[in-house]
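Just below is one structure, and these are the notes that go with it.
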Amino acid sequence: MSNSVLILGDSGTGKSTSIRTLPPEETFVLNILGKSLPFRGSSKNYSKLSPDGLTGNSYSSHDFTTVKRIINLVDKKRPDIKYLIIDDAGYLIMKDYVKNALVKGFDKFSALAKEFSETIDLIKECRNDLFCFITMHVEIQPDGKTKPKTIGNMIDRSVCIEGNFTYIFHTAIIDKQYKFITNNDSVHMAKSPLEMFPQYIDNDLLFIADSIKEYENEDVSQWDIFYLL
């Protein structure tokens with residue numbers, strides 16, 4: 001089972017920028033929209049996947065079948081890759097919805113929910129040493145709280161995206177610096193395990209990955225267990 005992390009936030013608040021701290025030689029970016037990565041050296045450090053899939057560390061597609069094929073390839077045939085990014089994952093839903101916009105009835109929403117759910121499940125089933133970071137835009141609900149941006153209530157009810165992740169970080173800009181919110185503040189959807197992070201951290205995916213490894217492998221004494229209970 002991979003370590004799956006959901007990154008939420010508005011456009012321009014540091015979701016893709018947070019990739020910059022990961023080592024390119026161990027990172028693969030599945031770029032749903034095919035846009036340039038917003039940090040220095042990205043074109044040099046992230047090259048297109050080769051036809052045989054054994055070299056290169058980036059690929060662009062918004063087709064569910066292709067995306068699942070690339071996830072499988074990275075999981076099974078690229079042990080050199082330790083960090084898989086699915087950037088702007090919500091656009092898998094948006095693009096498929098537009099493609100089938102003229103299809104009548106609710107079946108297209110059921111199909112969308114099924115495809116996205118299968119994609120999340122596939123990510124979670126990847127090898128143990130692979131970190132999967134999924135970035136998505138957010139929308140504001142009537143109560144003022146944020147949620148992952150999707151299409152229609154059926155997908156939200158069927159998939160419950162946030163329920164599939166132990167780690168959810170929400171972007172914030174504080175004093176002109178990109179930050180992540182680590183726990184729910186009654187407005188922003190975020191969560192992380194007990195006493196793992198302060199409320200705000202830098203938008204640094206490598207720091208998050210290292211912190212998860214350290215936290216999950218930490219020795220806990222009997223006194224610590226008693227204290228937590």
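Scheme for the structure tokens: letters A, B, ... for chains in order shown; per-chain residue numbers from 1; ligand numbers from 1 in order shown.
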Give me the residues of segment 169-195 of chain A that have any atom at most 8 Å from an atom of segment 5-22 of chain A; for each, the nearest atom pair and the distance in Å, rounded to one decimal. Use only C-alpha atoms, sort by chain and number, and format it as a tab-separated table.
residue	atom	partner	partner_atom	distance
A:Phe169	CA	A:Ile7	CA	5.0
A:His170	CA	A:Leu8	CA	4.7
A:Thr171	CA	A:Gly9	CA	5.0
A:Ala172	CA	A:Thr13	CA	6.5
A:Ile173	CA	A:Thr13	CA	6.6
A:Tyr178	CA	A:Gly14	CA	5.8
A:Lys179	CA	A:Gly14	CA	7.7
A:Met189	CA	A:Leu8	CA	8.0
Quick one: residues within 12 Å of Lys76 of chain A, only C-alpha atoms, excluding same-chain residues fewer than 4 positions away - as a PDB file with all heavy atoms, in the first residue's frame?
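Final file, result-v6.pdb:
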ATOM      1  N   GLY A  53       8.714   3.164 -21.676  1.00  0.00           N
ATOM      2  CA  GLY A  53       8.326   3.455 -20.305  1.00  0.00           C
ATOM      3  C   GLY A  53       9.423   3.337 -19.273  1.00  0.00           C
ATOM      4  O   GLY A  53       9.173   3.516 -18.077  1.00  0.00           O
ATOM      5  N   LEU A  54      10.655   3.069 -19.702  1.00  0.00           N
ATOM      6  CA  LEU A  54      11.733   2.802 -18.748  1.00  0.00           C
ATOM      7  C   LEU A  54      12.574   4.025 -18.414  1.00  0.00           C
ATOM      8  O   LEU A  54      13.365   3.987 -17.460  1.00  0.00           O
ATOM      9  CB  LEU A  54      12.620   1.677 -19.283  1.00  0.00           C
ATOM     10  CG  LEU A  54      11.902   0.339 -19.523  1.00  0.00           C
ATOM     11  CD1 LEU A  54      12.884  -0.703 -20.034  1.00  0.00           C
ATOM     12  CD2 LEU A  54      11.202  -0.141 -18.257  1.00  0.00           C
ATOM     13  N   ARG A  69      -3.009   3.340 -16.703  1.00  0.00           N
ATOM     14  CA  ARG A  69      -1.902   2.567 -17.289  1.00  0.00           C
ATOM     15  C   ARG A  69      -0.556   3.125 -16.822  1.00  0.00           C
ATOM     16  O   ARG A  69       0.361   2.358 -16.486  1.00  0.00           O
ATOM     17  CB  ARG A  69      -1.984   2.615 -18.817  1.00  0.00           C
ATOM     18  CG  ARG A  69      -0.840   1.885 -19.517  1.00  0.00           C
ATOM     19  CD  ARG A  69      -1.064   1.855 -21.019  1.00  0.00           C
ATOM     20  NE  ARG A  69      -1.107   3.178 -21.604  1.00  0.00           N
ATOM     21  CZ  ARG A  69      -0.020   3.887 -21.947  1.00  0.00           C
ATOM     22  NH1 ARG A  69       1.184   3.377 -21.742  1.00  0.00           N
ATOM     23  NH2 ARG A  69      -0.145   5.073 -22.491  1.00  0.00           N
ATOM     24  N   ILE A  70      -0.424   4.450 -16.769  1.00  0.00           N
ATOM     25  CA  ILE A  70       0.836   5.067 -16.334  1.00  0.00           C
ATOM     26  C   ILE A  70       1.082   4.794 -14.851  1.00  0.00           C
ATOM     27  O   ILE A  70       2.215   4.528 -14.427  1.00  0.00           O
ATOM     28  CB  ILE A  70       0.825   6.581 -16.617  1.00  0.00           C
ATOM     29  CG1 ILE A  70       0.725   6.847 -18.119  1.00  0.00           C
ATOM     30  CG2 ILE A  70       2.080   7.239 -16.049  1.00  0.00           C
ATOM     31  CD1 ILE A  70       1.870   6.299 -18.936  1.00  0.00           C
ATOM     32  N   ILE A  71       0.029   4.857 -14.037  1.00  0.00           N
ATOM     33  CA  ILE A  71       0.180   4.545 -12.613  1.00  0.00           C
ATOM     34  C   ILE A  71       0.693   3.116 -12.435  1.00  0.00           C
ATOM     35  O   ILE A  71       1.610   2.857 -11.654  1.00  0.00           O
ATOM     36  CB  ILE A  71      -1.160   4.734 -11.868  1.00  0.00           C
ATOM     37  CG1 ILE A  71      -1.551   6.215 -11.858  1.00  0.00           C
ATOM     38  CG2 ILE A  71      -1.066   4.193 -10.429  1.00  0.00           C
ATOM     39  CD1 ILE A  71      -2.961   6.467 -11.347  1.00  0.00           C
ATOM     40  N   ASN A  72       0.117   2.190 -13.181  1.00  0.00           N
ATOM     41  CA  ASN A  72       0.565   0.795 -13.121  1.00  0.00           C
ATOM     42  C   ASN A  72       2.015   0.645 -13.568  1.00  0.00           C
ATOM     43  O   ASN A  72       2.789  -0.116 -12.984  1.00  0.00           O
ATOM     44  CB  ASN A  72      -0.338  -0.080 -13.998  1.00  0.00           C
ATOM     45  CG  ASN A  72      -1.498  -0.675 -13.226  1.00  0.00           C
ATOM     46  OD1 ASN A  72      -1.333  -1.103 -12.086  1.00  0.00           O
ATOM     47  ND2 ASN A  72      -2.667  -0.705 -13.836  1.00  0.00           N
ATOM     48  N   ASP A  80      12.791   2.848  -9.564  1.00  0.00           N
ATOM     49  CA  ASP A  80      13.594   4.046  -9.302  1.00  0.00           C
ATOM     50  C   ASP A  80      12.729   5.222  -8.862  1.00  0.00           C
ATOM     51  O   ASP A  80      13.230   6.182  -8.262  1.00  0.00           O
ATOM     52  CB  ASP A  80      14.385   4.439 -10.556  1.00  0.00           C
ATOM     53  CG  ASP A  80      13.491   4.637 -11.786  1.00  0.00           C
ATOM     54  OD1 ASP A  80      12.646   3.745 -12.046  1.00  0.00           O
ATOM     55  OD2 ASP A  80      13.648   5.643 -12.499  1.00  0.00           O
ATOM     56  N   ILE A  81      11.443   5.168  -9.146  1.00  0.00           N
ATOM     57  CA  ILE A  81      10.540   6.261  -8.801  1.00  0.00           C
ATOM     58  C   ILE A  81       9.970   6.036  -7.400  1.00  0.00           C
ATOM     59  O   ILE A  81       9.354   5.013  -7.110  1.00  0.00           O
ATOM     60  CB  ILE A  81       9.380   6.370  -9.819  1.00  0.00           C
ATOM     61  CG1 ILE A  81       9.931   6.670 -11.225  1.00  0.00           C
ATOM     62  CG2 ILE A  81       8.387   7.441  -9.383  1.00  0.00           C
ATOM     63  CD1 ILE A  81      10.707   7.962 -11.342  1.00  0.00           C
ATOM     64  N   LYS A  82      10.187   6.997  -6.515  1.00  0.00           N
ATOM     65  CA  LYS A  82       9.699   6.932  -5.144  1.00  0.00           C
ATOM     66  C   LYS A  82       8.567   7.919  -4.877  1.00  0.00           C
ATOM     67  O   LYS A  82       7.886   7.818  -3.851  1.00  0.00           O
ATOM     68  CB  LYS A  82      10.840   7.213  -4.160  1.00  0.00           C
ATOM     69  CG  LYS A  82      12.064   6.321  -4.351  1.00  0.00           C
ATOM     70  CD  LYS A  82      11.746   4.855  -4.202  1.00  0.00           C
ATOM     71  CE  LYS A  82      12.990   3.992  -4.366  1.00  0.00           C
ATOM     72  NZ  LYS A  82      12.656   2.532  -4.342  1.00  0.00           N
ATOM     73  N   LEU A 122      -6.447   2.415  -7.180  1.00  0.00           N
ATOM     74  CA  LEU A 122      -5.217   1.958  -7.811  1.00  0.00           C
ATOM     75  C   LEU A 122      -4.006   2.627  -7.171  1.00  0.00           C
ATOM     76  O   LEU A 122      -2.976   1.977  -6.917  1.00  0.00           O
ATOM     77  CB  LEU A 122      -5.263   2.259  -9.308  1.00  0.00           C
ATOM     78  CG  LEU A 122      -4.094   1.760 -10.163  1.00  0.00           C
ATOM     79  CD1 LEU A 122      -3.989   0.243 -10.099  1.00  0.00           C
ATOM     80  CD2 LEU A 122      -4.266   2.222 -11.609  1.00  0.00           C
ATOM     81  N   GLU A 125      -3.180   1.116  -3.835  1.00  0.00           N
ATOM     82  CA  GLU A 125      -2.665  -0.247  -3.903  1.00  0.00           C
ATOM     83  C   GLU A 125      -1.228  -0.332  -4.414  1.00  0.00           C
ATOM     84  O   GLU A 125      -0.670  -1.429  -4.508  1.00  0.00           O
ATOM     85  CB  GLU A 125      -3.579  -1.075  -4.814  1.00  0.00           C
ATOM     86  CG  GLU A 125      -4.965  -1.314  -4.225  1.00  0.00           C
ATOM     87  CD  GLU A 125      -5.962  -1.814  -5.256  1.00  0.00           C
ATOM     88  OE1 GLU A 125      -5.539  -2.030  -6.427  1.00  0.00           O
ATOM     89  OE2 GLU A 125      -7.147  -1.958  -4.917  1.00  0.00           O
ATOM     90  N   CYS A 126      -0.614   0.794  -4.727  1.00  0.00           N
ATOM     91  CA  CYS A 126       0.764   0.786  -5.231  1.00  0.00           C
ATOM     92  C   CYS A 126       1.732   0.315  -4.137  1.00  0.00           C
ATOM     93  O   CYS A 126       1.379   0.239  -2.955  1.00  0.00           O
ATOM     94  CB  CYS A 126       1.162   2.169  -5.717  1.00  0.00           C
ATOM     95  SG  CYS A 126       0.362   2.670  -7.265  1.00  0.00           S
ATOM     96  N   ARG A 127       2.958   0.039  -4.529  1.00  0.00           N
ATOM     97  CA  ARG A 127       3.967  -0.520  -3.610  1.00  0.00           C
ATOM     98  C   ARG A 127       4.228   0.384  -2.401  1.00  0.00           C
ATOM     99  O   ARG A 127       4.035   1.601  -2.458  1.00  0.00           O
ATOM    100  CB  ARG A 127       5.273  -0.782  -4.364  1.00  0.00           C
ATOM    101  CG  ARG A 127       5.798   0.391  -5.161  1.00  0.00           C
ATOM    102  CD  ARG A 127       6.971  -0.027  -6.032  1.00  0.00           C
ATOM    103  NE  ARG A 127       7.170   0.872  -7.143  1.00  0.00           N
ATOM    104  CZ  ARG A 127       7.892   1.989  -7.096  1.00  0.00           C
ATOM    105  NH1 ARG A 127       8.525   2.326  -5.991  1.00  0.00           N
ATOM    106  NH2 ARG A 127       8.018   2.758  -8.167  1.00  0.00           N
ATOM    107  N   ASN A 128       4.711  -0.240  -1.346  1.00  0.00           N
ATOM    108  CA  ASN A 128       4.851   0.446  -0.056  1.00  0.00           C
ATOM    109  C   ASN A 128       5.845   1.597  -0.074  1.00  0.00           C
ATOM    110  O   ASN A 128       5.717   2.539   0.719  1.00  0.00           O
ATOM    111  CB  ASN A 128       5.263  -0.557   1.026  1.00  0.00           C
ATOM    112  CG  ASN A 128       4.184  -1.568   1.328  1.00  0.00           C
ATOM    113  OD1 ASN A 128       3.020  -1.340   1.034  1.00  0.00           O
ATOM    114  ND2 ASN A 128       4.566  -2.692   1.908  1.00  0.00           N
ATOM    115  N   ASP A 129       6.850   1.518  -0.932  1.00  0.00           N
ATOM    116  CA  ASP A 129       7.887   2.557  -0.911  1.00  0.00           C
ATOM    117  C   ASP A 129       7.568   3.713  -1.855  1.00  0.00           C
ATOM    118  O   ASP A 129       8.422   4.574  -2.096  1.00  0.00           O
ATOM    119  CB  ASP A 129       9.256   1.965  -1.252  1.00  0.00           C
ATOM    120  CG  ASP A 129       9.338   1.461  -2.693  1.00  0.00           C
ATOM    121  OD1 ASP A 129       8.279   1.163  -3.285  1.00  0.00           O
ATOM    122  OD2 ASP A 129      10.452   1.370  -3.235  1.00  0.00           O
ATOM    123  N   LEU A 130       6.339   3.758  -2.369  1.00  0.00           N
ATOM    124  CA  LEU A 130       5.953   4.830  -3.299  1.00  0.00           C
ATOM    125  C   LEU A 130       5.028   5.820  -2.600  1.00  0.00           C
ATOM    126  O   LEU A 130       4.022   5.429  -2.005  1.00  0.00           O
ATOM    127  CB  LEU A 130       5.247   4.234  -4.514  1.00  0.00           C
ATOM    128  CG  LEU A 130       4.856   5.214  -5.638  1.00  0.00           C
ATOM    129  CD1 LEU A 130       6.104   5.832  -6.271  1.00  0.00           C
ATOM    130  CD2 LEU A 130       4.011   4.503  -6.695  1.00  0.00           C
TER     131      LEU A 130
END
Proximity of segment 74-186 of chain A to segment 33-39 of chain A: per-residue shortest pair, 9 Å limit, only C-alpha atoms, as a tab-separated table:
residue	atom	partner	partner_atom	distance
A:Asp87	CA	A:Leu33	CA	8.0
A:Asp88	CA	A:Leu33	CA	7.0
A:Ala89	CA	A:Leu33	CA	8.8
A:Tyr91	CA	A:Leu33	CA	7.3
A:Leu92	CA	A:Leu33	CA	8.9
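Atom CA of Val159 of chain A lies 20.0 Å from atom CA of Asn184 of chain A.
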What are the DSSP strand (DSSP E or B) residues of segment 40-165 of chain A, as a PyMOL selection string? chain A and resi 48+58-60+83-87+131-136+138-140+146-148
In Å to one decimal, how far is atom CA of Ala209 of chain A from atom CA of Phe180 of chain A?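 One can read the atom CA of Phe180 of chain A to atom CA of Ala209 of chain A distance as 13.7 Å.
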Hey, what's within 6 Å of segment 28-32 of chain A if we count only C-alpha atoms and toss same-chain stuff fewer than 2 positions away? As a PyMOL selection string, please? chain A and resi 34+57-62+84-88
Based on the backbone DSSP call, show me all residues of segment 128-220 of chain A assigned helix (DSSP H, G or I), as a PDB file with C-alpha atoms, in the first residue's frame.
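Output file part_36.pdb is given in full below:
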ATOM      1  CA  GLY A 152     -22.300  17.020  -9.178  1.00  0.00           C
ATOM      2  CA  ASN A 153     -23.315  15.625  -5.799  1.00  0.00           C
ATOM      3  CA  MET A 154     -23.431  12.050  -7.067  1.00  0.00           C
ATOM      4  CA  ILE A 155     -19.643  11.886  -7.333  1.00  0.00           C
ATOM      5  CA  ASP A 156     -19.198  13.388  -3.873  1.00  0.00           C
ATOM      6  CA  ARG A 157     -21.618  10.898  -2.323  1.00  0.00           C
ATOM      7  CA  SER A 158     -20.270   7.907  -4.243  1.00  0.00           C
ATOM      8  CA  VAL A 159     -16.543   8.518  -3.855  1.00  0.00           C
ATOM      9  CA  ILE A 161     -12.648  11.736  -1.926  1.00  0.00           C
ATOM     10  CA  GLU A 162     -11.399  13.056   1.404  1.00  0.00           C
ATOM     11  CA  GLY A 163     -12.336   9.838   3.195  1.00  0.00           C
ATOM     12  CA  ASN A 164      -9.756   7.936   1.131  1.00  0.00           C
ATOM     13  CA  LEU A 205       6.463  17.666  -0.403  1.00  0.00           C
ATOM     14  CA  LEU A 206       9.818  16.123   0.495  1.00  0.00           C
ATOM     15  CA  PHE A 207       9.429  17.359   4.069  1.00  0.00           C
ATOM     16  CA  ILE A 208       5.958  15.819   4.188  1.00  0.00           C
ATOM     17  CA  ALA A 209       7.201  12.467   2.843  1.00  0.00           C
ATOM     18  CA  ASP A 210      10.125  12.359   5.279  1.00  0.00           C
ATOM     19  CA  SER A 211       7.832  13.313   8.180  1.00  0.00           C
ATOM     20  CA  ILE A 212       5.371  10.546   7.298  1.00  0.00           C
ATOM     21  CA  LYS A 213       8.163   7.950   7.175  1.00  0.00           C
ATOM     22  CA  GLU A 214       9.552   9.113  10.514  1.00  0.00           C
ATOM     23  CA  TYR A 215       6.132   9.287  12.197  1.00  0.00           C
ATOM     24  CA  GLU A 216       4.895   5.914  10.992  1.00  0.00           C
TER      25      GLU A 216
END
Surrounding residues of Lys68 of chain A excluding itself and chain neighbours under 5 positions, 9 Å, only C-alpha atoms, as a list of chain:residue names: A:Asp63, A:Leu73, A:Glu118, A:Thr119, A:Leu122, A:Ile123
Would you put the residues from that selection into a file with N, CA and C atoms, as a PDB file, in the first residue's frame?
ATOM      1  N   ASP A  63      -7.029  11.227 -19.915  1.00  0.00           N
ATOM      2  CA  ASP A  63      -7.838  10.049 -20.195  1.00  0.00           C
ATOM      3  C   ASP A  63      -7.684   9.046 -19.052  1.00  0.00           C
ATOM      4  N   LEU A  73       2.388   1.375 -14.611  1.00  0.00           N
ATOM      5  CA  LEU A  73       3.756   1.307 -15.118  1.00  0.00           C
ATOM      6  C   LEU A  73       4.749   1.778 -14.057  1.00  0.00           C
ATOM      7  N   GLU A 118     -11.910   4.119  -9.013  1.00  0.00           N
ATOM      8  CA  GLU A 118     -10.940   3.102  -9.398  1.00  0.00           C
ATOM      9  C   GLU A 118      -9.525   3.671  -9.461  1.00  0.00           C
ATOM     10  N   THR A 119      -9.399   4.918  -9.902  1.00  0.00           N
ATOM     11  CA  THR A 119      -8.088   5.560  -9.978  1.00  0.00           C
ATOM     12  C   THR A 119      -7.504   5.757  -8.581  1.00  0.00           C
ATOM     13  N   LEU A 122      -6.447   2.415  -7.180  1.00  0.00           N
ATOM     14  CA  LEU A 122      -5.217   1.958  -7.811  1.00  0.00           C
ATOM     15  C   LEU A 122      -4.006   2.627  -7.171  1.00  0.00           C
ATOM     16  N   ILE A 123      -4.118   3.902  -6.895  1.00  0.00           N
ATOM     17  CA  ILE A 123      -3.036   4.648  -6.242  1.00  0.00           C
ATOM     18  C   ILE A 123      -2.745   4.055  -4.862  1.00  0.00           C
TER      19      ILE A 123
END
Computed gap from atom CA of Lys77 of chain A to atom CA of Tyr46 of chain A is 18.1 Å
So which one's closest to Pro148 of chain A, A:Lys176, A:Lys99, A:Lys114, A:His188? Using only C-alpha atoms, please.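 Selected residue with least distance to Pro148 of chain A: A:His188.
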